[in-house]
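start.tsv (TSV, C-alpha atoms and all ligand atoms)
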chain	number	residue	atom	x	y	z
A	1	MET	CA	-7.17	-17.49	101.26
A	2	GLN	CA	-9.48	-20.40	102.07
A	3	PRO	CA	-9.30	-21.50	105.71
A	4	LYS	CA	-7.37	-24.71	106.36
A	5	ILE	CA	-8.03	-28.01	108.08
A	6	LEU	CA	-5.60	-28.36	110.96
A	7	ILE	CA	-4.27	-31.89	111.67
A	8	ILE	CA	-3.07	-32.30	115.26
A	9	GLY	CA	-0.75	-35.28	115.88
A	10	THR	CA	-0.59	-37.08	119.24
A	11	GLY	CA	1.03	-40.42	118.23
A	12	GLY	CA	-0.58	-43.88	118.32
A	13	THR	CA	-0.38	-46.85	115.96
A	14	ILE	CA	-1.37	-44.61	113.06
A	15	ALA	CA	2.14	-43.16	113.51
A	16	GLY	CA	3.66	-46.53	114.42
A	17	MET	CA	6.49	-48.41	112.68
A	18	ALA	CA	7.12	-52.15	112.67
A	19	ASP	CA	10.72	-53.43	112.42
A	20	ASP	CA	9.44	-56.04	109.98
A	21	ALA	CA	6.46	-55.03	107.82
A	22	GLU	CA	5.44	-58.70	107.65
A	23	LYS	CA	5.02	-58.76	111.41
A	24	PRO	CA	2.76	-55.71	111.86
A	25	GLY	CA	1.75	-56.92	115.35
A	26	GLN	CA	5.25	-56.07	116.61
A	27	TYR	CA	5.76	-52.36	116.28
A	28	ARG	CA	6.49	-49.15	118.11
A	29	ALA	CA	3.57	-46.70	118.31
A	30	ALA	CA	4.19	-42.95	117.84
A	31	ALA	CA	7.30	-43.16	115.64
A	32	LEU	CA	6.36	-40.96	112.64
A	33	SER	CA	5.56	-37.27	112.76
A	34	VAL	CA	2.09	-36.09	111.78
A	35	ALA	CA	3.73	-34.17	108.90
A	36	ALA	CA	5.16	-37.48	107.61
A	37	LEU	CA	1.70	-39.09	107.88
A	38	LEU	CA	0.17	-36.32	105.78
A	39	ALA	CA	2.90	-36.61	103.17
A	40	GLY	CA	2.16	-40.34	102.86
A	41	VAL	CA	-1.53	-40.01	101.93
A	42	SER	CA	-2.25	-39.23	98.31
A	43	GLY	CA	-5.21	-37.01	97.49
A	44	LEU	CA	-5.53	-35.62	101.00
A	45	GLU	CA	-5.85	-31.98	99.85
A	46	LYS	CA	-8.55	-33.08	97.42
A	47	ALA	CA	-10.44	-34.79	100.27
A	48	ALA	CA	-10.00	-31.58	102.29
A	49	ALA	CA	-11.20	-29.46	99.37
A	50	GLY	CA	-8.67	-26.89	100.56
A	51	PRO	CA	-5.38	-26.40	102.38
A	52	LEU	CA	-4.09	-28.53	105.25
A	53	ASP	CA	-1.65	-27.82	108.03
A	54	ALA	CA	-0.11	-30.08	110.68
A	55	VAL	CA	0.97	-29.55	114.28
A	56	GLN	CA	2.49	-32.14	116.61
A	57	ILE	CA	1.41	-31.63	120.22
A	58	ALA	CA	2.51	-35.03	121.57
A	59	GLN	CA	4.10	-38.27	120.37
A	60	ILE	CA	2.89	-41.07	122.64
A	61	ASP	CA	1.32	-44.50	122.75
A	62	SER	CA	-2.16	-43.58	123.93
A	63	LYS	CA	-2.09	-46.22	126.68
A	64	ASP	CA	0.12	-43.62	128.41
A	65	MET	CA	-2.30	-40.73	127.88
A	66	HIS	CA	-2.12	-38.14	130.65
A	67	ASP	CA	-3.50	-34.80	131.75
A	68	GLY	CA	-0.56	-32.89	130.23
A	69	VAL	CA	-1.42	-34.07	126.70
A	70	TRP	CA	-5.13	-33.43	127.27
A	71	HIS	CA	-4.36	-29.88	128.38
A	72	ALA	CA	-2.18	-29.27	125.30
A	73	LEU	CA	-4.86	-30.78	123.06
A	74	LEU	CA	-7.59	-28.63	124.54
A	75	GLU	CA	-5.36	-25.58	124.14
A	76	ALA	CA	-4.73	-26.42	120.44
A	77	CYS	CA	-8.43	-27.11	119.78
A	78	ASP	CA	-9.53	-23.92	121.51
A	79	ALA	CA	-7.04	-21.85	119.52
A	80	ALA	CA	-8.29	-23.50	116.30
A	81	MET	CA	-11.96	-22.88	117.20
A	82	ARG	CA	-11.18	-19.17	117.58
A	83	ASP	CA	-8.89	-18.89	114.51
A	84	GLU	CA	-10.70	-17.72	111.37
A	85	GLY	CA	-7.95	-19.31	109.31
A	86	VAL	CA	-8.99	-22.79	110.49
A	87	ARG	CA	-12.26	-24.38	109.38
A	88	ALA	CA	-11.95	-27.83	111.01
A	89	VAL	CA	-9.65	-29.92	113.20
A	90	VAL	CA	-8.56	-33.54	112.72
A	91	ILE	CA	-6.66	-35.29	115.53
A	92	THR	CA	-4.52	-38.41	115.02
A	93	HIS	CA	-4.56	-40.56	118.17
A	94	GLY	CA	-3.92	-44.09	119.40
A	95	THR	CA	-6.94	-46.37	119.56
A	96	ASP	CA	-6.45	-47.53	123.15
A	97	THR	CA	-7.70	-44.41	124.96
A	98	LEU	CA	-9.36	-42.73	122.00
A	99	GLU	CA	-12.77	-42.85	123.66
A	100	ASP	CA	-11.43	-41.22	126.84
A	101	THR	CA	-9.91	-38.34	124.87
A	102	ALA	CA	-12.95	-37.97	122.61
A	103	TRP	CA	-15.22	-37.75	125.70
A	104	PHE	CA	-12.86	-35.30	127.42
A	105	LEU	CA	-13.00	-33.01	124.36
A	106	HIS	CA	-16.77	-33.47	124.02
A	107	CYS	CA	-17.28	-32.36	127.64
A	108	CYS	CA	-14.80	-29.47	127.53
A	109	LEU	CA	-15.48	-28.01	124.11
A	110	GLY	CA	-19.30	-28.13	124.33
A	111	ARG	CA	-21.18	-27.27	121.13
A	112	LEU	CA	-18.50	-26.94	118.50
A	113	PRO	CA	-18.44	-24.03	116.07
A	114	LYS	CA	-16.33	-26.19	113.68
A	115	PRO	CA	-15.88	-29.93	113.15
A	116	VAL	CA	-13.43	-31.82	115.38
A	117	VAL	CA	-12.75	-35.36	114.13
A	118	LEU	CA	-10.40	-37.87	115.74
A	119	THR	CA	-8.86	-40.75	113.84
A	120	CYS	CA	-6.50	-43.65	114.44
A	121	ALA	CA	-5.27	-46.97	113.04
A	122	MET	CA	-5.04	-50.58	114.10
A	123	ARG	CA	-1.98	-51.31	111.94
A	124	PRO	CA	1.35	-49.43	111.92
A	125	ALA	CA	2.15	-47.07	109.07
A	126	ASN	CA	4.52	-49.52	107.33
A	127	ALA	CA	2.26	-52.59	107.53
A	128	LEU	CA	1.68	-54.30	104.16
A	129	MET	CA	-1.88	-52.93	104.15
A	130	PRO	CA	-2.01	-50.06	106.66
A	131	ASP	CA	-5.44	-48.70	107.62
A	132	GLY	CA	-4.15	-45.33	108.87
A	133	PRO	CA	-3.94	-43.53	105.49
A	134	GLN	CA	-7.58	-44.37	104.66
A	135	ASN	CA	-8.77	-43.47	108.18
A	136	LEU	CA	-6.94	-40.13	107.96
A	137	LYS	CA	-8.43	-39.42	104.55
A	138	ASP	CA	-11.88	-40.34	105.91
A	139	ALA	CA	-11.42	-37.99	108.86
A	140	VAL	CA	-10.39	-35.14	106.58
A	141	ALA	CA	-13.31	-35.81	104.20
A	142	ALA	CA	-15.74	-35.93	107.15
A	143	ALA	CA	-14.34	-32.70	108.60
A	144	ALA	CA	-14.61	-31.01	105.18
A	145	ALA	CA	-18.12	-32.27	104.35
A	146	CYS	CA	-20.70	-29.48	103.93
A	147	ASP	CA	-24.46	-29.34	103.39
A	148	ALA	CA	-26.16	-27.55	100.47
A	149	ASP	CA	-25.78	-24.20	102.30
A	150	GLY	CA	-22.04	-24.68	102.71
A	151	GLN	CA	-22.36	-25.38	106.44
A	152	PRO	CA	-20.24	-28.21	107.90
A	153	LEU	CA	-22.21	-31.44	108.16
A	154	LEU	CA	-20.40	-32.35	111.34
A	155	ARG	CA	-21.18	-29.51	113.72
A	156	GLU	CA	-21.62	-29.37	117.44
A	157	VAL	CA	-20.05	-32.64	118.61
A	158	VAL	CA	-16.72	-34.44	118.54
A	159	ALA	CA	-16.68	-37.33	116.04
A	160	VAL	CA	-14.34	-40.24	115.33
A	161	THR	CA	-13.54	-42.11	112.09
A	162	GLY	CA	-12.15	-45.65	111.86
A	163	GLY	CA	-12.78	-48.55	109.48
A	164	GLY	CA	-15.02	-46.42	107.25
A	165	GLU	CA	-17.41	-45.63	110.10
A	166	LEU	CA	-18.16	-42.37	111.86
A	167	HIS	CA	-18.97	-42.45	115.60
A	168	SER	CA	-19.88	-39.84	118.18
A	169	ALA	CA	-17.78	-39.35	121.30
A	170	ARG	CA	-20.92	-40.01	123.37
A	171	TRP	CA	-21.21	-43.71	122.48
A	172	LEU	CA	-17.91	-44.76	120.91
A	173	GLN	CA	-16.01	-47.65	122.49
A	174	LYS	CA	-13.02	-49.72	121.43
A	175	VAL	CA	-14.51	-53.21	121.38
A	176	HIS	CA	-11.78	-55.37	119.87
A	177	PRO	CA	-8.05	-55.64	120.59
A	178	HIS	CA	-6.86	-56.29	117.01
A	179	ARG	CA	-9.73	-56.33	114.49
A	180	LEU	CA	-9.55	-53.54	111.85
A	181	MET	CA	-13.09	-52.50	112.77
A	182	ALA	CA	-12.18	-52.05	116.41
A	183	PHE	CA	-14.85	-49.49	117.34
A	184	ALA	CA	-18.58	-49.60	117.94
A	185	SER	CA	-21.26	-47.42	119.46
A	186	GLY	CA	-23.28	-50.26	121.02
A	187	GLU	CA	-27.04	-50.09	120.65
A	188	GLN	CA	-26.78	-46.62	119.07
A	189	GLY	CA	-24.72	-47.73	116.08
A	190	PRO	CA	-22.45	-45.43	114.05
A	191	LEU	CA	-23.41	-41.86	113.13
A	192	GLY	CA	-22.61	-42.64	109.50
A	193	TRP	CA	-20.06	-43.84	107.00
A	194	VAL	CA	-17.26	-42.22	105.04
A	195	ASP	CA	-15.32	-43.47	102.01
A	196	GLY	CA	-12.43	-41.04	101.67
A	197	ARG	CA	-14.59	-38.57	99.77
A	198	ARG	CA	-18.23	-38.57	100.82
A	199	LEU	CA	-19.72	-38.53	104.30
A	200	ARG	CA	-23.07	-40.31	104.53
A	201	LEU	CA	-24.90	-39.69	107.81
A	202	ARG	CA	-27.29	-42.43	108.95
A	203	GLN	CA	-30.84	-41.41	108.12
A	204	GLY	CA	-32.62	-39.78	111.04
A	205	CYS	CA	-29.46	-39.99	113.12
A	206	ALA	CA	-28.60	-36.80	114.97
A	207	ALA	CA	-25.22	-36.43	116.67
A	208	ASP	CA	-25.73	-36.94	120.39
A	209	THR	CA	-25.04	-33.71	122.25
A	210	GLN	CA	-25.78	-35.23	125.69
A	211	GLY	CA	-23.13	-34.21	128.18
A	212	ALA	CA	-21.98	-31.20	126.14
A	213	ALA	CA	-22.86	-27.70	127.31
A	214	ASP	CA	-25.33	-25.61	125.26
A	215	GLY	CA	-22.69	-23.28	123.88
A	216	TYR	CA	-18.99	-23.42	123.10
A	217	THR	CA	-17.09	-23.87	126.40
A	218	GLY	CA	-13.50	-24.65	125.37
A	219	SER	CA	-12.05	-21.36	126.60
A	220	GLN	CA	-13.83	-21.60	129.99
A	221	TRP	CA	-12.51	-25.11	130.59
A	222	LEU	CA	-9.02	-24.03	129.59
A	223	ALA	CA	-9.19	-21.34	132.26
A	224	ALA	CA	-10.62	-23.75	134.87
A	225	LEU	CA	-8.27	-26.72	134.33
A	226	PRO	CA	-4.93	-26.37	136.12
A	227	GLN	CA	-1.71	-26.52	134.10
A	228	PRO	CA	-0.80	-30.16	134.95
A	229	ALA	CA	2.90	-29.28	135.25
A	230	GLN	CA	2.00	-26.88	138.08
A	231	LYS	CA	-0.96	-28.57	139.76
A	232	ALA	CA	-2.26	-32.12	139.31
A	233	TRP	CA	-5.85	-32.58	138.18
A	234	PRO	CA	-8.12	-34.27	140.75
A	235	TRP	CA	-7.22	-37.93	141.26
A	236	VAL	CA	-10.04	-40.28	140.20
A	237	GLU	CA	-9.68	-44.07	139.96
A	238	ILE	CA	-11.90	-46.85	138.62
A	239	VAL	CA	-12.51	-49.80	140.95
A	240	SER	CA	-14.19	-52.82	139.42
A	241	SER	CA	-16.73	-54.92	141.32
A	242	HIS	CA	-15.95	-58.60	140.68
A	243	ALA	CA	-15.98	-62.08	142.19
A	244	GLY	CA	-13.49	-62.55	144.99
A	245	LEU	CA	-13.16	-58.82	145.66
A	246	ARG	CA	-11.16	-57.62	148.70
A	247	ALA	CA	-11.66	-54.25	150.31
A	248	GLY	CA	-7.98	-53.38	150.74
A	249	LEU	CA	-7.71	-51.66	147.35
A	250	VAL	CA	-10.15	-48.87	148.22
A	251	ASP	CA	-8.56	-48.36	151.64
A	252	ALA	CA	-5.13	-48.12	150.00
A	253	LEU	CA	-6.45	-45.52	147.57
A	254	LEU	CA	-8.04	-43.54	150.42
A	255	SER	CA	-4.79	-43.54	152.36
A	256	GLN	CA	-3.01	-42.19	149.24
A	257	GLY	CA	-5.43	-39.28	148.86
A	258	VAL	CA	-7.72	-40.38	146.03
A	259	GLU	CA	-10.42	-37.73	145.44
A	260	GLY	CA	-12.98	-39.62	143.38
A	261	LEU	CA	-13.93	-43.25	142.73
A	262	VAL	CA	-15.84	-44.76	139.84
A	263	LEU	CA	-17.28	-48.15	140.75
A	264	ALA	CA	-17.44	-50.34	137.63
A	265	THR	CA	-20.49	-52.20	138.88
A	266	THR	CA	-21.86	-55.57	137.94
A	267	GLY	CA	-24.96	-55.60	135.72
A	268	ASN	CA	-27.57	-52.99	136.49
A	269	GLY	CA	-25.57	-51.03	139.07
A	270	THR	CA	-24.97	-53.64	141.78
A	271	VAL	CA	-21.79	-53.71	143.84
A	272	HIS	CA	-20.06	-56.54	145.79
A	273	GLU	CA	-20.94	-56.15	149.48
A	274	VAL	CA	-17.24	-55.76	150.33
A	275	LEU	CA	-16.90	-52.85	147.91
A	276	LEU	CA	-20.19	-51.37	149.09
A	277	SER	CA	-18.89	-50.85	152.63
A	278	ALA	CA	-15.52	-49.60	151.34
A	279	ALA	CA	-17.36	-47.08	149.12
A	280	GLU	CA	-19.36	-45.93	152.15
A	281	ARG	CA	-16.12	-45.33	154.06
A	282	ALA	CA	-14.88	-43.32	151.08
A	283	ARG	CA	-18.02	-41.16	151.04
A	284	GLN	CA	-17.70	-40.50	154.76
A	285	GLN	CA	-14.20	-39.18	154.06
A	286	GLY	CA	-15.58	-36.76	151.46
A	287	VAL	CA	-14.51	-38.78	148.42
A	288	ALA	CA	-16.99	-38.62	145.51
A	289	VAL	CA	-18.19	-42.08	144.44
A	290	TRP	CA	-20.17	-42.63	141.23
A	291	ARG	CA	-21.37	-45.93	139.75
A	292	SER	CA	-21.14	-47.07	136.13
A	293	SER	CA	-21.83	-50.53	134.73
A	294	ARG	CA	-19.04	-52.79	133.51
A	295	CYS	CA	-21.50	-54.20	130.92
A	296	SER	CA	-20.24	-53.42	127.43
A	297	GLU	CA	-23.63	-52.18	126.17
A	298	GLY	CA	-26.50	-50.15	127.60
A	299	VAL	CA	-26.53	-48.07	130.78
A	300	ILE	CA	-27.85	-48.67	134.32
A	301	SER	CA	-31.67	-48.27	134.30
A	302	ASP	CA	-31.87	-45.10	136.40
A	303	ALA	CA	-28.54	-43.66	135.24
A	304	VAL	CA	-28.03	-39.96	134.49
A	305	LEU	CA	-25.35	-37.68	133.08
A	306	PRO	CA	-24.19	-35.88	136.22
A	307	GLY	CA	-22.70	-32.50	136.99
A	308	PRO	CA	-20.69	-31.07	139.91
A	309	ALA	CA	-23.84	-30.66	142.04
A	310	ASP	CA	-24.08	-34.47	142.08
A	311	LEU	CA	-20.68	-35.05	143.67
A	312	ALA	CA	-22.10	-36.13	147.03
A	313	ALA	CA	-24.80	-38.36	145.57
A	314	ASP	CA	-24.68	-42.13	145.20
A	315	LEU	CA	-25.21	-41.81	141.49
A	316	ALA	CA	-25.61	-44.27	138.64
A	317	VAL	CA	-23.95	-42.67	135.61
A	318	ALA	CA	-24.98	-43.29	131.99
A	319	LEU	CA	-21.41	-43.63	130.78
A	320	THR	CA	-18.80	-46.37	130.52
A	321	PRO	CA	-16.40	-46.47	133.50
A	322	CYS	CA	-13.63	-44.73	131.47
A	323	LYS	CA	-15.89	-41.86	130.42
A	324	CYS	CA	-17.44	-41.68	133.90
A	325	ARG	CA	-13.91	-41.21	135.28
A	326	VAL	CA	-13.39	-38.24	132.95
A	327	SER	CA	-16.73	-36.68	133.92
A	328	LEU	CA	-16.05	-37.12	137.65
A	329	GLN	CA	-12.60	-35.54	137.25
A	330	LEU	CA	-14.13	-32.56	135.44
A	331	ALA	CA	-16.90	-32.24	138.05
A	332	LEU	CA	-14.23	-32.13	140.77
A	333	VAL	CA	-12.29	-29.45	138.83
A	334	GLN	CA	-15.48	-27.36	138.57
A	335	ALA	CA	-16.33	-27.83	142.24
A	336	GLN	CA	-12.77	-26.87	143.30
A	337	ALA	CA	-12.86	-23.78	141.04
A	338	GLN	CA	-16.13	-22.67	142.65
A	339	ALA	CA	-15.04	-23.41	146.25
A	401	LIG	C1	-2.14	-46.51	121.02
A	401	LIG	O1	-3.27	-46.49	121.51
A	401	LIG	O2	-1.43	-45.50	120.96
A	401	LIG	C2	-1.56	-47.78	120.52
A	401	LIG	C3	-2.57	-48.71	119.99
A	401	LIG	C4	-3.30	-48.18	118.79
A	401	LIG	O3	-3.20	-47.04	118.38
A	401	LIG	O4	-4.02	-49.03	118.20

Written as C-alpha cells, that's how I'd like the structure from this file.
Amino acid sequence: MQPKILIIGTGGTIAGMADDAEKPGQYRAAALSVAALLAGVSGLEKAAAGPLDAVQIAQIDSKDMHDGVWHALLEACDAAMRDEGVRAVVITHGTDTLEDTAWFLHCCLGRLPKPVVLTCAMRPANALMPDGPQNLKDAVAAAAACDADGQPLLREVVAVTGGGELHSARWLQKVHPHRLMAFASGEQGPLGWVDGRRLRLRQGCAADTQGAADGYTGSQWLAALPQPAQKAWPWVEIVSSHAGLRAGLVDALLSQGVEGLVLATTGNGTVHEVLLSAAERARQQGVAVWRSSRCSEGVISDAVLPGPADLAADLAVALTPCKCRVSLQLALVQAQAQA
C-alpha cells in the first residue's frame, strides 16, 4: 500500500466556528476536529495523490500555545519521520504563534527525511468564503509534490502554506492581524507558490536550512526535552526596549527565577540604558541574555544564529524575538542536559 500523508490537528481558526457566518470576525478557534476539516475539503486525496490519515494532538487557540503541545507535536512528527507508512506530514495550526511552532520544529527536527508542512486560516471554517480548505489543500499538494525522480520537492526544512504562498520556517512571520495574506518572509520573500495542485518553487530559491542541524535530530531532541507535565522547560521571556522603559520588570522576572531573557532591541541592536543595566544584573546572576531586533525586517548587522556555547555571551541573534526565545530555550535545554 502507498504510504499516506498524515494530517496532525492542533486547532486554530482553520478549525474555528462563528456563531453567525456573516460575522466571521466573531468566532471560537479550535472547534472542529481535524477529521471534520478533512471531510470538508473536496479533492484532497487527489491533491495528496494517495491516502490521507488524521490525528488530533491538541485543540487550542494558538495564542495559548505551550510546551506540552510542542512536546506532543514533536513526538508525533518524530514517529511519522520514522514510520515507513507515512510519506509526509501536514499540521493544521492557528496563525498567531505559527512562526514560533514552525521554528521550534525546524530547530528540533533538523534536516527532514520527509516533508513537514504547516497550514492555517484567517477565517473560521463556516465563514461565507473560508480560506482554510484551500490552504489545507495547498499544504497537502506541497507535501505531495515530487521532482522528476519521484523525490519530494520539499525536503530538509519545515515549510508553511497560507494564501497560496509557501514560506520557510526560517523567515516566516505573521505580519497582519486580519488580512487573508497574513504572512510574509520579509526581504527573503516566499519559497514559492501553490494552487491546490502544483507547487512552483521560486527560481533559484533554496529552502533555508540555517539553524537546522546537518542530519535528522528529532529523536535526539525528544530524548533531551523534559516531559512538560513532569518538568518545566527552561523559562525564557522577551523584554522589549522602548521609550519610557522602567527597570522593575527585569528585576521582577529575576526574583521569580527566569532563566533566559531575549531583549527585543531598538533598531540595530541598541537597548535603553535602563534595560542595559538590568540586563547586566541578570547576566551577573547567571541568566542568559540574547539580543534580537524589534524591527519587522532584516537582522542586527553582526547577528548570528547561536548555540548553547553562546549562552554567556552578549549576543545579537539573527532571528525575530519570538524565534530567538525558542532558540534560547532550546540552548538552555541542551546546556542543562550536558551539565
Ligand atoms: C489561533 O492562532 O489559533 C487563532 C488565530 C488564527 O488562527 O488566525

Q | Distance criterion (all atoms listed in the file): nearest to ligand LIG 401 (chain A) out of A:Leu154, A:Val271, A:Leu261, A:Leu118 | A | A:Leu118

(Q) If I take atom CA of A:Asp251 and atom CA of A:Ala339, how far is one from the other in Å, to one decimal? (A)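 Between atom CA of A:Asp251 and atom CA of A:Ala339 the gap works out to 26.3 Å.
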
Q | Spatial neighbours of A:Ser301, 7 Å, all atoms listed in the file, chain gap at least 2 places, as a PyMOL selection string | A | chain A and resi 268+299+303

Q: Would you please work out which residue, of A:Ala30, A:Ala72, A:Cys107, A:Leu172, is nearest to ligand LIG 401 (chain A) when using all atoms listed in the file?
A: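 Among the listed residues, the smallest separation from ligand LIG 401 (chain A) belongs to A:Ala30.
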
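Distance check against A:Ala47 using all atoms listed in the file: of A:Asn135, A:Gln284, A:Gln173, A:Ser240, the minimum falls on A:Asn135.
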
Quick one: contact table of stretch 47-119 of chain A to stretch 209-226 of chain A, 10 Å max, nearest atom pair and distance in Å to one decimal per residue, counting all atoms listed in the file, chain and number order, as a tab-separated table?
residue	atom	partner	partner_atom	distance
A:Asp67	CA	A:Pro226	CA	9.6
A:Gly68	CA	A:Pro226	CA	9.8
A:His71	CA	A:Leu222	CA	7.6
A:Ala72	CA	A:Leu222	CA	9.6
A:Leu74	CA	A:Leu222	CA	7.0
A:Glu75	CA	A:Leu222	CA	6.7
A:Cys77	CA	A:Gly218	CA	7.9
A:Asp78	CA	A:Gly218	CA	5.6
A:Ala79	CA	A:Ser219	CA	8.7
A:Met81	CA	A:Gly218	CA	8.5
A:Arg82	CA	A:Ser219	CA	9.3
A:Trp103	CA	A:Gly211	CA	9.0
A:Leu105	CA	A:Gly218	CA	8.4
A:His106	CA	A:Ala212	CA	6.1
A:Cys107	CA	A:Ala212	CA	5.1
A:Cys108	CA	A:Gly218	CA	5.4
A:Leu109	CA	A:Gly218	CA	4.1
A:Gly110	CA	A:Ala212	CA	4.5
A:Arg111	CA	A:Tyr216	CA	4.8
A:Leu112	CA	A:Tyr216	CA	5.8
A:Pro113	CA	A:Tyr216	CA	7.1

Q: Check the smallest atom-to-atom distance from each of A:Val86, A:Ile91, A:Ile60, A:Ala29 to A:Ile7 using all atoms listed in the file, then report the winner.
A: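 Under the stated criterion, the closest residue is A:Ile91.
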
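Using only C-alpha atoms and all ligand atoms as the basis for the distance check, residues found within 7 Å of ligand LIG 401 (chain A) are A:Gly11, A:Gly12, A:Thr13, A:Ile14, A:Ala29, A:Ala30, A:Ile60, A:Asp61, A:Ser62, A:Lys63, A:His93, A:Gly94, A:Thr95, A:Asp96, A:Thr97, A:Cys120, A:Ala121, A:Met122, A:Arg123.
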
Q) Near A:Gly248, within 12 Å and counting all atoms listed in the file, which residues show up once chain neighbours fewer than 3 positions away are dropped, as a list in words? A)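 Skipping anything fewer than 3 positions along the chain leaves Val239, Leu245, Asp251, Ala252, Leu253, Leu254, Ser255, Val274, Leu275, Ser277, Ala278, Ala279 and Arg281 of chain A.
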
**Q.** Residue nearest A:Val287 - candidates A:Val158, A:Ala264, A:Val304, A:Leu332, atoms counted: all atoms listed in the file
**A.**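 Counting all atoms listed in the file, the residue closest to A:Val287 is A:Leu332.
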
Q: Give me the residues within 8 Å of A:Ala145 as a ChimeraX atom specification, counting all atoms listed in the file and dropping any in the same chain fewer than 3 places off.
A: /A:141-142,152-154,198-199

Q | Shell around A:Leu311 at 9 Å using only C-alpha atoms, local window under 6 positions removed, as a list in words | A |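 My reading of the contact set: Gly260, Val287, Ala288, Val289, Trp290, Leu328, Ala331, Leu332 and Ala335 of chain A.
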
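Nearest to A:Gln151 of all the residues A:Leu37, A:Val236, A:Val250, A:Ala88 is A:Ala88, counting only C-alpha atoms.
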
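One distance worth recording is that between atom CA of A:Gly85 and atom CA of A:Asp149, which is 19.8 Å.
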
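Excluding A:Ile5 itself and same-chain residues fewer than 4 positions from it, the residues having an atom within 9 Å of it are Ala48, Gly50, Pro51, Leu52, Asp53, Ala54, Gly85, Val86, Arg87, Ala88, Val89, Val90, Val140, Ala143 and Ala144 of chain A, counting all atoms listed in the file.
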
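Taking atom CA of A:Ala169 as the reference point, atom CA of A:Trp70 is found at 15.2 Å.
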
Q: Could you please give me, as a list of chain:residue names, the residues of protein, DNA or RNA lying at most 7 Å from (-0.9, -28.7, 120.5) in the coordinate frame of the file, considering all atoms listed in the file?
A: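 Answer for this query, in the requested form: A:Ile8, A:Val55, A:Gln56, A:Ile57, A:Ala72, A:Leu73, A:Glu75, A:Ala76.
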